[in-house]
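S.K.: File name coords30.txt; file contents compact mmCIF, C-alpha atoms and all ligand atoms; full text below.
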```
# COMPACT_ATOMS: atom_id res chain seq x y z
CA MET A 41 1.53 94.18 -55.02
CA GLN A 42 0.17 93.85 -51.49
CA ASP A 43 -2.26 91.16 -52.72
CA SER A 44 0.49 89.08 -54.30
CA ASN A 45 2.53 89.22 -51.07
CA GLU A 46 -0.49 88.05 -49.13
CA GLN A 47 -0.94 85.13 -51.56
CA VAL A 48 2.70 84.08 -51.16
CA ARG A 49 2.30 84.06 -47.33
CA GLN A 50 -0.83 81.96 -47.57
CA LEU A 51 0.79 79.49 -49.92
CA ALA A 52 3.78 79.21 -47.62
CA ALA A 53 1.49 78.52 -44.63
CA GLU A 54 -0.49 75.88 -46.59
CA ASN A 55 2.76 74.30 -47.72
CA LYS A 56 3.95 74.06 -44.12
CA ALA A 57 0.65 72.47 -43.01
CA LEU A 58 0.90 69.95 -45.86
CA GLN A 59 4.50 69.08 -44.88
CA GLY A 60 3.24 68.40 -41.33
CA GLU A 61 0.46 66.14 -42.58
CA ILE A 62 2.86 64.21 -44.83
CA ALA A 63 5.24 63.66 -41.88
CA SER A 64 2.49 62.36 -39.62
CA LEU A 65 1.18 60.11 -42.44
CA ARG A 66 4.71 58.75 -42.89
CA SER A 67 5.03 58.00 -39.21
CA ALA A 68 1.56 56.34 -39.16
CA GLN A 69 2.57 54.23 -42.14
CA GLN A 70 5.85 53.32 -40.43
CA SER A 71 4.16 52.10 -37.27
CA ALA A 72 1.49 50.22 -39.31
CA THR A 73 4.29 48.47 -41.19
CA GLU A 74 6.05 47.61 -37.95
CA THR A 75 2.83 46.21 -36.38
CA LEU A 76 2.22 44.14 -39.50
CA GLN A 77 5.79 42.82 -39.45
CA ALA A 78 5.50 41.93 -35.75
CA ARG A 79 2.22 40.10 -36.36
CA LEU A 80 3.69 38.21 -39.28
CA ALA A 81 6.74 37.26 -37.21
CA GLY A 82 4.43 36.03 -34.37
CA GLU A 83 2.39 33.96 -36.79
CA LYS A 84 5.56 32.50 -38.29
CA ALA A 85 6.88 31.56 -34.84
CA ASN A 86 3.51 30.05 -34.05
CA GLN A 87 3.55 28.07 -37.28
CA GLU A 88 7.09 26.85 -36.65
CA SER A 89 6.21 25.74 -33.14
CA GLN A 90 3.14 23.90 -34.51
CA GLN A 91 5.34 22.21 -37.08
CA ARG A 92 7.84 21.18 -34.42
CA PHE A 93 5.05 19.70 -32.31
CA GLN A 94 3.64 17.91 -35.37
CA THR A 95 7.06 16.41 -36.18
CA ILE A 96 7.67 15.22 -32.61
CA PHE A 97 4.13 13.83 -32.35
CA GLU A 98 4.33 11.98 -35.65
CA GLN A 99 7.93 10.76 -35.48
CA SER A 100 7.77 9.46 -31.91
CA LYS A 101 8.52 5.74 -31.63
CA LEU A 102 6.01 5.59 -28.79
CA GLY A 103 2.25 5.73 -29.31
CA ASN A 104 1.04 9.33 -28.90
CA LYS A 105 -2.53 10.57 -28.76
CA ILE A 106 -4.52 13.56 -27.68
CA ILE A 107 -7.72 12.89 -25.78
CA ALA A 108 -10.64 15.00 -24.68
CA PRO A 109 -12.00 14.99 -21.10
CA ASP A 110 -14.56 12.31 -22.14
CA LEU A 111 -11.63 10.09 -23.30
CA CYS A 112 -12.51 10.66 -26.94
CA ILE A 113 -9.43 10.27 -29.16
CA LEU A 114 -8.80 13.53 -31.04
CA LYS A 115 -5.51 12.73 -32.70
CA VAL A 116 -3.19 9.70 -32.94
CA ASN A 117 0.32 9.24 -34.33
CA GLN A 118 1.64 6.52 -36.64
CA ALA A 119 3.25 4.52 -33.80
CA LEU A 120 -0.09 4.10 -32.07
CA VAL A 121 -1.72 3.14 -35.38
CA THR A 122 0.94 0.44 -35.81
CA MET A 123 0.57 -0.68 -32.20
CA LEU A 124 -3.19 -1.15 -32.36
CA GLY A 125 -3.51 -2.15 -36.02
CA TYR A 126 -6.39 0.28 -36.69
CA GLY A 127 -6.21 3.12 -39.27
CA LYS A 128 -5.97 6.74 -38.13
CA ALA A 129 -9.50 7.46 -39.30
CA GLU A 130 -10.81 4.41 -37.41
CA LEU A 131 -9.26 5.56 -34.15
CA GLU A 132 -9.87 9.32 -34.21
CA GLY A 133 -13.33 10.16 -32.92
CA THR A 134 -13.70 6.93 -30.91
CA ARG A 135 -13.05 6.43 -27.18
CA ILE A 136 -9.86 4.82 -25.89
CA THR A 137 -11.95 2.60 -23.59
CA GLU A 138 -13.19 0.79 -26.71
CA TYR A 139 -9.68 -0.65 -27.14
CA SER A 140 -9.22 -1.54 -23.50
CA HIS A 141 -9.42 -5.15 -22.35
CA LEU A 142 -12.71 -5.46 -20.46
CA GLY A 143 -11.00 -6.20 -17.17
CA TYR A 144 -8.92 -3.00 -17.41
CA VAL A 145 -11.46 -0.31 -18.38
CA ASP A 146 -11.35 1.01 -14.81
CA HIS A 147 -7.72 2.00 -15.35
CA TRP A 148 -8.87 4.62 -17.87
CA ARG A 149 -11.65 5.83 -15.55
CA GLU A 150 -9.00 6.24 -12.87
CA LEU A 151 -6.77 8.18 -15.26
CA GLN A 152 -9.72 10.38 -16.32
CA GLU A 153 -10.65 11.15 -12.72
CA ASN A 154 -7.10 11.93 -11.66
CA LEU A 155 -6.44 14.27 -14.57
CA TRP A 156 -9.69 16.16 -15.10
CA THR A 157 -11.42 15.93 -11.70
CA LYS A 158 -8.51 15.92 -9.27
CA ARG A 159 -6.39 18.05 -11.63
CA ILE A 160 -3.26 15.98 -11.02
CA PRO A 161 -0.85 17.34 -13.67
CA SER A 162 0.27 13.92 -14.92
CA PHE A 163 -0.85 10.36 -14.26
CA GLY A 164 0.44 6.90 -15.27
CA ILE A 165 -1.08 3.41 -15.53
CA GLU A 166 -0.06 -0.03 -16.79
CA THR A 167 -2.95 -1.51 -18.66
CA VAL A 168 -4.01 -3.98 -21.34
CA LEU A 169 -5.25 -2.95 -24.79
CA VAL A 170 -6.70 -5.17 -27.50
CA THR A 171 -5.40 -4.80 -31.08
CA LYS A 172 -7.58 -5.01 -34.18
CA GLU A 173 -6.46 -8.63 -34.57
CA GLY A 174 -7.61 -9.39 -31.04
CA ALA A 175 -4.12 -9.69 -29.52
CA LEU A 176 -3.61 -8.39 -25.99
CA ILE A 177 -0.80 -5.91 -25.41
CA TRP A 178 0.45 -4.49 -22.15
CA CYS A 179 0.98 -0.73 -22.26
CA ARG A 180 2.59 1.75 -19.95
CA VAL A 181 0.54 4.93 -20.26
CA ILE A 182 1.55 8.40 -19.13
CA SER A 183 -0.91 11.25 -19.57
CA PHE A 184 -0.67 14.95 -18.80
CA LEU A 185 -2.95 17.93 -19.25
CA PHE A 186 -2.36 20.89 -21.54
CA ALA A 187 -4.44 23.98 -22.41
CA ASP A 188 -5.76 24.25 -25.94
CA GLY A 189 -7.68 27.55 -26.24
CA GLU A 190 -10.68 27.21 -23.95
CA ASP A 191 -10.23 23.43 -23.54
CA THR A 192 -7.97 21.31 -21.35
CA LEU A 193 -6.89 18.22 -23.25
CA GLY A 194 -4.87 15.16 -22.33
CA TYR A 195 -1.58 14.29 -24.06
CA THR A 196 -1.01 10.55 -23.72
CA ILE A 197 2.13 8.52 -24.41
CA LEU A 198 1.79 4.73 -24.70
CA GLU A 199 4.69 2.27 -24.55
CA ASP A 200 4.27 -1.39 -25.47
CA ILE A 201 5.69 -3.31 -22.48
CA THR A 202 4.34 -6.75 -23.46
CA PRO A 203 7.84 -8.37 -23.68
CA ARG A 204 8.69 -7.15 -20.17
CA LYS A 205 5.36 -8.38 -18.80
CA ASN A 206 5.89 -11.77 -20.47
CA ARG A 207 9.33 -12.04 -18.88
CA GLU A 208 7.81 -11.18 -15.50
CA LYS A 209 5.19 -13.89 -16.04
CA VAL A 210 7.86 -16.50 -16.82
CA LEU A 211 9.77 -15.41 -13.71
CA ARG A 212 6.62 -15.70 -11.61
CA GLN A 213 5.97 -19.19 -13.00
CA ASP A 214 9.59 -20.19 -12.30
CA HIS A 215 9.29 -18.84 -8.78
CA HIS A 216 6.07 -20.78 -8.28
CA ARG A 217 7.70 -23.97 -9.61
CA LEU A 218 10.65 -23.44 -7.28
CA GLN A 219 8.30 -22.97 -4.36
CA GLN A 220 6.54 -26.23 -5.25
CA GLN A 221 9.88 -28.06 -5.51
CA GLN A 222 10.91 -26.60 -2.17
CA ALA A 223 7.64 -27.78 -0.64
CA VAL A 224 8.26 -31.34 -1.90
CA LEU A 225 11.85 -31.27 -0.67
CA LYS A 226 10.70 -29.88 2.64
CA THR A 227 8.38 -32.83 3.09
CA VAL A 228 10.95 -35.42 2.01
CA LEU A 229 13.84 -34.04 4.04
CA GLY A 230 11.57 -33.30 6.99
CA ALA A 231 10.46 -36.92 7.03
CA GLN A 232 14.10 -38.00 6.81
CA GLU A 233 15.06 -35.91 9.85
CA GLU A 234 12.09 -37.22 11.80
CA GLU A 235 13.11 -40.77 10.95
CA ARG A 236 16.67 -40.09 12.12
CA ARG A 237 15.35 -38.66 15.37
CA ARG A 238 13.13 -41.68 15.96
CA ILE A 239 15.91 -44.18 15.24
CA ALA A 240 18.36 -42.28 17.45
CA GLU A 241 15.89 -42.24 20.28
CA SER A 242 15.16 -45.93 20.09
CA LEU A 243 18.89 -46.74 19.78
CA HIS A 244 19.66 -44.66 22.85
CA ASN A 245 16.67 -45.52 25.01
CA GLY A 246 16.00 -49.04 23.75
CA MET A 247 19.08 -50.79 22.44
CA GLY A 248 21.58 -48.86 24.61
CA GLN A 249 19.72 -49.65 27.83
CA ILE A 250 19.33 -53.34 26.93
CA LEU A 251 23.05 -53.73 26.19
CA PHE A 252 23.94 -52.02 29.44
CA ALA A 253 21.56 -54.23 31.44
CA THR A 254 23.02 -57.34 29.76
CA LYS A 255 26.50 -56.27 30.84
CA LEU A 256 25.33 -55.97 34.47
CA HIS A 257 23.71 -59.41 34.39
CA LEU A 258 26.90 -61.00 33.10
CA ALA A 259 28.67 -60.11 36.34
CA ARG A 260 26.14 -62.33 38.18
CA VAL A 261 26.75 -65.26 35.82
CA GLU A 262 30.44 -65.22 36.70
CA ALA A 263 29.66 -65.25 40.43
CA THR A 264 27.44 -68.32 40.04
CA ALA A 265 29.86 -70.40 37.92
CA LEU A 266 30.52 -73.98 39.10
CA PRO A 267 33.91 -74.77 40.74
CA GLY A 268 36.38 -75.90 38.12
CA GLN A 269 34.65 -73.98 35.32
CA GLN A 270 35.44 -70.52 36.64
CA SER A 271 38.44 -69.80 34.48
CA GLU A 272 36.66 -70.91 31.28
CA VAL A 273 33.55 -68.95 32.19
CA HIS A 274 35.71 -65.98 33.09
CA GLN A 275 37.39 -65.97 29.67
CA ALA A 276 34.08 -66.27 27.80
CA LEU A 277 32.59 -63.55 29.92
CA GLU A 278 35.57 -61.27 29.40
CA LYS A 279 35.18 -61.59 25.63
CA THR A 280 31.43 -61.03 25.85
CA ARG A 281 32.00 -57.95 28.02
CA GLN A 282 34.41 -56.55 25.47
CA LEU A 283 31.93 -57.10 22.67
CA LEU A 284 29.14 -55.52 24.68
CA THR A 285 31.29 -52.48 25.47
CA GLU A 286 31.98 -52.08 21.75
CA ALA A 287 28.28 -52.48 21.00
CA ILE A 288 27.39 -49.78 23.58
CA VAL A 289 30.01 -47.35 22.21
CA GLU A 290 28.87 -48.01 18.63
CA THR A 291 25.19 -47.58 19.53
CA SER A 292 25.96 -44.32 21.25
CA ARG A 293 28.06 -43.13 18.26
CA VAL A 294 25.30 -43.90 15.77
CA SER A 295 22.72 -42.30 18.03
CA HIS A 296 24.84 -39.11 18.33
CA GLU A 297 25.46 -39.06 14.65
CA LEU A 298 21.76 -39.20 13.98
CA VAL A 299 20.91 -36.37 16.37
CA PRO A 300 24.00 -34.33 17.20
CA LEU A 301 23.42 -33.05 20.74
CA LEU A 302 26.72 -31.15 20.79
CA LEU A 303 25.49 -29.08 17.89
CA LYS A 304 22.48 -27.82 19.77
CA ASP A 305 24.36 -27.02 22.96
CA PHE A 306 27.78 -25.85 21.75
CA GLY A 307 27.35 -24.95 18.11
CA LEU A 308 28.76 -25.90 14.76
CA ALA A 309 32.50 -25.54 15.48
CA LYS A 310 32.43 -27.94 18.45
CA ALA A 311 30.13 -30.44 16.74
CA ILE A 312 32.28 -30.56 13.60
CA GLU A 313 35.46 -30.86 15.64
CA GLU A 314 33.98 -33.76 17.61
CA PHE A 315 32.68 -35.44 14.48
CA CYS A 316 36.04 -35.22 12.71
CA SER A 317 37.92 -36.49 15.77
CA ARG A 318 36.06 -39.80 15.41
CA PHE A 319 38.08 -40.52 12.29
CA ALA A 320 41.44 -40.28 14.05
CA GLY A 321 43.47 -43.40 13.28
CA THR A 322 41.39 -44.43 10.27
CA GLY A 323 44.19 -43.87 7.76
CA ILE A 324 43.19 -40.39 6.65
CA GLN A 325 44.71 -37.37 8.31
CA LEU A 326 41.79 -34.96 8.67
CA GLN A 327 42.02 -31.23 9.27
CA CYS A 328 38.69 -29.66 10.19
CA HIS A 329 38.04 -26.03 10.92
CA CYS A 330 34.89 -24.01 11.42
CA PHE A 331 34.17 -20.40 12.42
CA GLN A 332 33.23 -20.05 16.08
CA GLU A 333 30.20 -17.75 16.12
CA ARG A 334 26.75 -19.22 16.53
CA ILE A 335 24.31 -18.80 13.67
CA SER A 336 20.65 -19.81 13.40
CA SER A 337 20.12 -23.35 14.68
CA THR A 338 18.44 -24.38 11.44
CA LEU A 339 21.37 -23.26 9.33
CA GLU A 340 23.81 -24.88 11.77
CA MET A 341 21.96 -28.17 11.35
CA ALA A 342 21.94 -27.89 7.56
CA ILE A 343 25.70 -27.16 7.44
CA TYR A 344 26.43 -29.94 9.93
CA ARG A 345 24.56 -32.52 7.82
CA ILE A 346 26.40 -31.40 4.69
CA CYS A 347 29.81 -31.60 6.43
CA GLN A 348 28.95 -35.00 7.88
CA GLU A 349 28.25 -36.37 4.40
CA LEU A 350 31.33 -34.75 2.82
CA VAL A 351 33.68 -36.16 5.47
CA ASN A 352 32.01 -39.59 5.40
CA ASN A 353 32.50 -39.64 1.64
CA MET A 354 36.18 -38.70 1.97
CA VAL A 355 36.74 -41.51 4.44
CA LYS A 356 34.63 -44.04 2.53
CA HIS A 357 35.58 -43.36 -1.07
CA SER A 358 38.66 -41.22 -1.58
CA ASP A 359 41.54 -43.47 -0.36
CA ALA A 360 43.19 -40.17 0.51
CA ALA A 361 46.08 -39.67 2.91
CA ARG A 362 44.94 -36.16 3.76
CA GLY A 363 41.60 -34.43 3.92
CA ARG A 364 40.52 -30.89 4.76
CA LEU A 365 37.13 -29.58 5.81
CA GLU A 366 36.74 -25.86 6.22
CA VAL A 367 33.65 -23.87 7.10
CA TYR A 368 34.14 -20.11 6.97
CA ARG A 369 32.24 -16.93 6.30
CA ASP A 370 32.67 -13.41 5.06
CA ARG A 371 30.31 -10.44 5.12
CA ASP A 372 27.98 -11.89 2.47
CA TYR A 373 28.23 -15.67 2.41
CA LEU A 374 28.98 -18.88 4.29
CA TYR A 375 31.42 -21.29 2.63
CA ILE A 376 32.06 -25.03 3.01
CA GLU A 377 35.11 -26.60 1.38
CA ALA A 378 35.94 -30.29 1.51
CA GLN A 379 39.17 -31.34 -0.17
CA ASP A 380 41.14 -34.56 -0.27
CA ASN A 381 44.21 -35.78 -2.15
CA GLY A 382 42.62 -39.13 -2.98
CA LYS A 383 41.57 -40.88 -6.15
CA GLY A 384 39.22 -38.16 -7.39
CA MET A 385 36.19 -38.82 -9.58
CA ALA A 386 35.60 -39.42 -13.27
CA GLY A 387 33.47 -36.85 -15.14
CA ASP A 388 30.43 -39.13 -15.44
CA GLN A 389 30.65 -39.92 -11.72
CA VAL A 390 30.36 -36.22 -10.98
CA ILE A 391 27.36 -35.92 -13.32
CA ASP A 392 25.79 -38.98 -11.67
CA THR A 393 25.72 -37.12 -8.39
CA THR A 394 23.23 -34.63 -9.82
CA ARG A 395 20.41 -37.17 -9.59
CA PRO A 396 19.89 -40.08 -7.27
CA GLU A 397 19.70 -43.41 -9.09
CA PRO A 398 18.28 -46.67 -7.77
CA GLY A 399 21.00 -48.69 -6.11
CA LYS A 400 23.38 -45.73 -5.96
CA GLY A 401 24.20 -43.42 -3.03
CA ILE A 402 22.07 -40.45 -2.18
CA GLY A 403 24.57 -38.46 -0.11
CA LEU A 404 25.74 -35.98 -2.73
CA SER A 405 22.34 -35.53 -4.34
CA THR A 406 20.87 -34.77 -0.89
CA ILE A 407 23.61 -32.16 -0.42
CA ARG A 408 22.65 -30.67 -3.80
CA ASP A 409 19.01 -30.52 -2.72
CA ARG A 410 19.85 -28.83 0.56
CA VAL A 411 22.12 -26.31 -1.15
CA ALA A 412 19.44 -25.56 -3.77
CA LEU A 413 16.86 -25.13 -1.05
CA LEU A 414 19.11 -22.61 0.64
CA GLU A 415 19.57 -20.82 -2.71
CA GLY A 416 23.29 -21.62 -2.60
CA LYS A 417 25.85 -22.88 -5.10
CA LEU A 418 27.74 -26.20 -5.25
CA GLU A 419 30.80 -27.01 -7.35
CA ILE A 420 32.67 -30.29 -7.65
CA ASP A 421 36.21 -30.12 -8.94
CA ALA A 422 37.46 -33.69 -9.30
CA THR A 423 39.89 -35.35 -11.69
CA PRO A 424 40.79 -39.03 -11.47
CA GLY A 425 44.00 -39.43 -9.49
CA GLU A 426 44.10 -35.80 -8.41
CA GLY A 427 41.75 -35.68 -5.48
CA THR A 428 38.40 -33.99 -5.00
CA LEU A 429 37.44 -30.46 -4.02
CA ILE A 430 33.80 -29.75 -3.22
CA SER A 431 32.97 -26.08 -2.68
CA ILE A 432 29.66 -24.79 -1.41
CA ARG A 433 28.54 -21.19 -1.01
CA LEU A 434 25.43 -20.36 1.00
CA PRO A 435 23.69 -17.05 1.58
CA PRO A 436 23.06 -16.44 5.30
CA THR A 437 19.40 -17.18 5.93
CA ALA A 438 18.99 -14.15 8.19
CA ARG A 439 18.49 -12.16 5.00
CA ARG A 440 15.90 -14.71 3.83
CA PRO A 441 13.27 -15.20 6.51
CA HIS A 442 11.08 -17.36 4.23
CA LEU A 443 13.93 -19.89 3.92
CA GLU A 444 14.56 -19.75 7.63
CA ARG A 445 10.94 -20.79 8.19
CA ALA A 446 11.18 -23.56 5.57
CA LEU A 447 14.35 -24.87 7.17
CA CYS A 448 12.77 -24.99 10.61
CA TRP A 449 10.45 -27.63 9.25
CA LEU A 450 13.20 -29.37 7.42
CA MET A 451 15.96 -29.88 9.85
CA PHE A 452 14.26 -31.04 13.01
N1 LIG B 501 35.73 -37.55 -1.88
C1 LIG B 501 35.43 -38.47 -2.81
N2 LIG B 501 36.44 -39.09 -3.50
C2 LIG B 501 36.16 -40.01 -4.44
N3 LIG B 501 34.92 -40.38 -4.80
C3 LIG B 501 33.87 -39.80 -4.18
C4 LIG B 501 34.08 -38.83 -3.14
N4 LIG B 501 32.85 -38.42 -2.72
C5 LIG B 501 31.95 -39.11 -3.43
N5 LIG B 501 32.56 -39.95 -4.31
C6 LIG B 501 31.90 -40.81 -5.32
O1 LIG B 501 30.60 -40.31 -5.55
C7 LIG B 501 29.66 -41.33 -5.31
C8 LIG B 501 28.39 -40.74 -4.79
O2 LIG B 501 28.52 -40.31 -3.43
P1 LIG B 501 27.26 -40.30 -2.51
O3 LIG B 501 27.64 -39.66 -1.24
O4 LIG B 501 26.16 -39.67 -3.29
O5 LIG B 501 26.88 -41.81 -2.34
P2 LIG B 501 27.53 -42.89 -1.37
O6 LIG B 501 28.49 -42.26 -0.45
O7 LIG B 501 28.06 -43.98 -2.26
O8 LIG B 501 26.27 -43.42 -0.59
P3 LIG B 501 25.47 -42.71 0.61
O9 LIG B 501 26.03 -41.35 0.75
O10 LIG B 501 24.06 -42.70 0.17
O11 LIG B 501 25.72 -43.53 1.79
C9 LIG B 501 30.34 -42.30 -4.38
O12 LIG B 501 29.81 -43.60 -4.51
C10 LIG B 501 31.78 -42.22 -4.85
O13 LIG B 501 31.97 -43.06 -5.94
MG MG B 502 27.95 -40.61 0.69
```
Is it possible to express this structure as structure tokens?

M.R.:
Amino acid sequence: MQDSNEQVRQLAAENKALQGEIASLRSAQQSATETLQARLAGEKANQESQQRFQTIFEQSKLGNKIIAPDLCILKVNQALVTMLGYGKAELEGTRITEYSHLGYVDHWRELQENLWTKRIPSFGIETVLVTKEGALIWCRVISFLFADGEDTLGYTILEDITPRKNREKVLRQDHHRLQQQQAVLKTVLGAQEEERRRIAESLHNGMGQILFATKLHLARVEATALPGQQSEVHQALEKTRQLLTEAIVETSRVSHELVPLLLKDFGLAKAIEEFCSRFAGTGIQLQCHCFQERISSTLEMAIYRICQELVNNMVKHSDAARGRLEVYRDRDYLYIEAQDNGKGMAGDQVIDTTRPEPGKGIGLSTIRDRVALLEGKLEIDATPGEGTLISIRLPPTARRPHLERALCWLMF
């Protein structure tokens, strides 16, 4: 009886120990399951992230590639394949410098040095690549570093910017052409101004002085006239004196018109006012107005010449009763407006003024040239029988020092 009790106690103790073992096995199994689940979840997340990267890399409209520190191409996407015309297998494993235009290989060396040696996190270049067909394409390249296990690789995005570069080239050519045209104009108009100056000088110093001296000599002729002829001589001399006075005034007017001294000393407003006042009593009632402030002498001269031609044209051609010349400015531009209520112009007459033709006037086409040179805008609004309005808008040259220099040559 005692033995069987002992056996029951032992069994109970063994049973308890077994229960303990089972519990600890269960808990070990539980934690192993949890670790496994966590690892699986990590791998899944990793896989998903890889897939996301793969999709972005492949679907990108821009050329994408991964390069090693020696510029060896490890992976390319479809856009880059299309851009360069080579197959994926042809590109992967080769160096990007093999597709560079010879003159631009240094760009890639620069990129390599900045990324891997200087450790700049991202670096960009604009460079030229050669496609399989031998065409040259301009690319904007941006590269940045990323860690891949032990290695540091370069992720490179390439954008084809050939259309933009072509547009820039056309713009540069246009600019160059414009500069050449400006140089020709500069020479032509410069020679014109020089000629005006020379003629004005000889009119003033040569012809003016001779006429004046002749007038003085005439007084002596009258004093030496024979008795009986004095009245006749007096009359002839009076007429001659009158004619000479007119000749002197006219010579002085032409000389001033050629080189406007008032302009230099007193500015545009005074010079224009004086110029317009000469037409008082010619049949056209002229109203002229100009802002008072002084501006650069070169621009003053250019505007003066333009106004001179516009007013001369009104007086010569328009048969108008009234004319208006206004020169004004706002914060951004200078404006010239010449308007008359005369006979106006036919459409083809307006078009004719865009180019000088042999035997025809050059006034309006010279204005066009000057306005173009100053990078301004000219508009003619003229209908037969309804008068003419010519509007000009000029940028102030202070903001354009290169034009200021060109004009210095031109206007004096
Ligand atoms: N205000 C105007 N009203 C009517 N016709 C005009 C006016 N301005 C110009 N024209 C016409 O335009 C033409 C061209 O003018 P432009 O100034 O180029 O030459 P022009 O005055 O005839 O000669 P130039 O100026 O060389 O002495 C003139 O011949 C005239 O027929
Ligand atoms: Mg004219």

S.K.: Set the cut-off to 9 Å, count all atoms listed in the file, and list whatever residues fall near ligand LIG 501 (chain B) as number ranges by chain.

M.R.: A: 349-360, 363, 378-386, 389-390, 392-396, 400-407, 422, 424, 427-430

S.K.: Print the selection's residues with C-alpha atoms to a file, as a PDB file, in the frame of the given file.

M.R.:
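Produced file part_25.pdb, reproduced below:
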```pdb
ATOM      1  CA  GLU A 349      28.250 -36.370   4.400  1.00  0.00           C
ATOM      2  CA  LEU A 350      31.330 -34.750   2.820  1.00  0.00           C
ATOM      3  CA  VAL A 351      33.680 -36.160   5.470  1.00  0.00           C
ATOM      4  CA  ASN A 352      32.010 -39.590   5.400  1.00  0.00           C
ATOM      5  CA  ASN A 353      32.500 -39.640   1.640  1.00  0.00           C
ATOM      6  CA  MET A 354      36.180 -38.700   1.970  1.00  0.00           C
ATOM      7  CA  VAL A 355      36.740 -41.510   4.440  1.00  0.00           C
ATOM      8  CA  LYS A 356      34.630 -44.040   2.530  1.00  0.00           C
ATOM      9  CA  HIS A 357      35.580 -43.360  -1.070  1.00  0.00           C
ATOM     10  CA  SER A 358      38.660 -41.220  -1.580  1.00  0.00           C
ATOM     11  CA  ASP A 359      41.540 -43.470  -0.360  1.00  0.00           C
ATOM     12  CA  ALA A 360      43.190 -40.170   0.510  1.00  0.00           C
ATOM     13  CA  GLY A 363      41.600 -34.430   3.920  1.00  0.00           C
ATOM     14  CA  ALA A 378      35.940 -30.290   1.510  1.00  0.00           C
ATOM     15  CA  GLN A 379      39.170 -31.340  -0.170  1.00  0.00           C
ATOM     16  CA  ASP A 380      41.140 -34.560  -0.270  1.00  0.00           C
ATOM     17  CA  ASN A 381      44.210 -35.780  -2.150  1.00  0.00           C
ATOM     18  CA  GLY A 382      42.620 -39.130  -2.980  1.00  0.00           C
ATOM     19  CA  LYS A 383      41.570 -40.880  -6.150  1.00  0.00           C
ATOM     20  CA  GLY A 384      39.220 -38.160  -7.390  1.00  0.00           C
ATOM     21  CA  MET A 385      36.190 -38.820  -9.580  1.00  0.00           C
ATOM     22  CA  ALA A 386      35.600 -39.420 -13.270  1.00  0.00           C
ATOM     23  CA  GLN A 389      30.650 -39.920 -11.720  1.00  0.00           C
ATOM     24  CA  VAL A 390      30.360 -36.220 -10.980  1.00  0.00           C
ATOM     25  CA  ASP A 392      25.790 -38.980 -11.670  1.00  0.00           C
ATOM     26  CA  THR A 393      25.720 -37.120  -8.390  1.00  0.00           C
ATOM     27  CA  THR A 394      23.230 -34.630  -9.820  1.00  0.00           C
ATOM     28  CA  ARG A 395      20.410 -37.170  -9.590  1.00  0.00           C
ATOM     29  CA  PRO A 396      19.890 -40.080  -7.270  1.00  0.00           C
ATOM     30  CA  LYS A 400      23.380 -45.730  -5.960  1.00  0.00           C
ATOM     31  CA  GLY A 401      24.200 -43.420  -3.030  1.00  0.00           C
ATOM     32  CA  ILE A 402      22.070 -40.450  -2.180  1.00  0.00           C
ATOM     33  CA  GLY A 403      24.570 -38.460  -0.110  1.00  0.00           C
ATOM     34  CA  LEU A 404      25.740 -35.980  -2.730  1.00  0.00           C
ATOM     35  CA  SER A 405      22.340 -35.530  -4.340  1.00  0.00           C
ATOM     36  CA  THR A 406      20.870 -34.770  -0.890  1.00  0.00           C
ATOM     37  CA  ILE A 407      23.610 -32.160  -0.420  1.00  0.00           C
ATOM     38  CA  ALA A 422      37.460 -33.690  -9.300  1.00  0.00           C
ATOM     39  CA  PRO A 424      40.790 -39.030 -11.470  1.00  0.00           C
ATOM     40  CA  GLY A 427      41.750 -35.680  -5.480  1.00  0.00           C
ATOM     41  CA  THR A 428      38.400 -33.990  -5.000  1.00  0.00           C
ATOM     42  CA  LEU A 429      37.440 -30.460  -4.020  1.00  0.00           C
ATOM     43  CA  ILE A 430      33.800 -29.750  -3.220  1.00  0.00           C
TER      44      ILE A 430
END
```

S.K.: Need the neighbours of (28.4, -64.9, 29.9): which residues are at most 9 Å away, counting all atoms listed in the file, as a compact mmCIF listing (two decimals) with C-alpha atoms, in the coordinates of the input?

M.R.:
```txt
# COMPACT_ATOMS: atom_id res chain seq x y z
CA LYS A 255 26.50 -56.27 30.84
CA HIS A 257 23.71 -59.41 34.39
CA LEU A 258 26.90 -61.00 33.10
CA ALA A 259 28.67 -60.11 36.34
CA ARG A 260 26.14 -62.33 38.18
CA VAL A 261 26.75 -65.26 35.82
CA GLU A 262 30.44 -65.22 36.70
CA VAL A 273 33.55 -68.95 32.19
CA HIS A 274 35.71 -65.98 33.09
CA ALA A 276 34.08 -66.27 27.80
CA LEU A 277 32.59 -63.55 29.92
CA GLU A 278 35.57 -61.27 29.40
CA LYS A 279 35.18 -61.59 25.63
CA THR A 280 31.43 -61.03 25.85
CA ARG A 281 32.00 -57.95 28.02
```

S.K.: Can you work out which one of A:Ser242, A:Gln327, A:Asn104, A:Thr254 has the shortest atom-to-atom distance to Ser295 in chain A, counting all atoms listed in the file?

M.R.: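 Answer, going by the shortest atom-to-atom distance: A:Ser242.
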
S.K.: Tell me which of A:Gln348, A:Gln220, A:Gln270, A:Gln118 sits closest to Glu98 in chain A, counting only C-alpha atoms.

M.R.: A:Gln118

S.K.: May I have the centre and edge lengths, in Å to one decimal, of an axis-aligned box around the listed atoms of range 161-164 of chain A with 5 Å added to every side, as AutoDock Vina command-line options?

M.R.:
```
--center_x -0.2 --center_y 12.1 --center_z -14.5 --size_x 11.3 --size_y 20.4 --size_z 11.6
```

S.K.: In Å to one decimal, how far is CA of Ile106 in chain A from CA of Gln94 in chain A?

M.R.: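 Atom-to-atom, CA of Gln94 in chain A and CA of Ile106 in chain A are spaced 12.0 Å apart.
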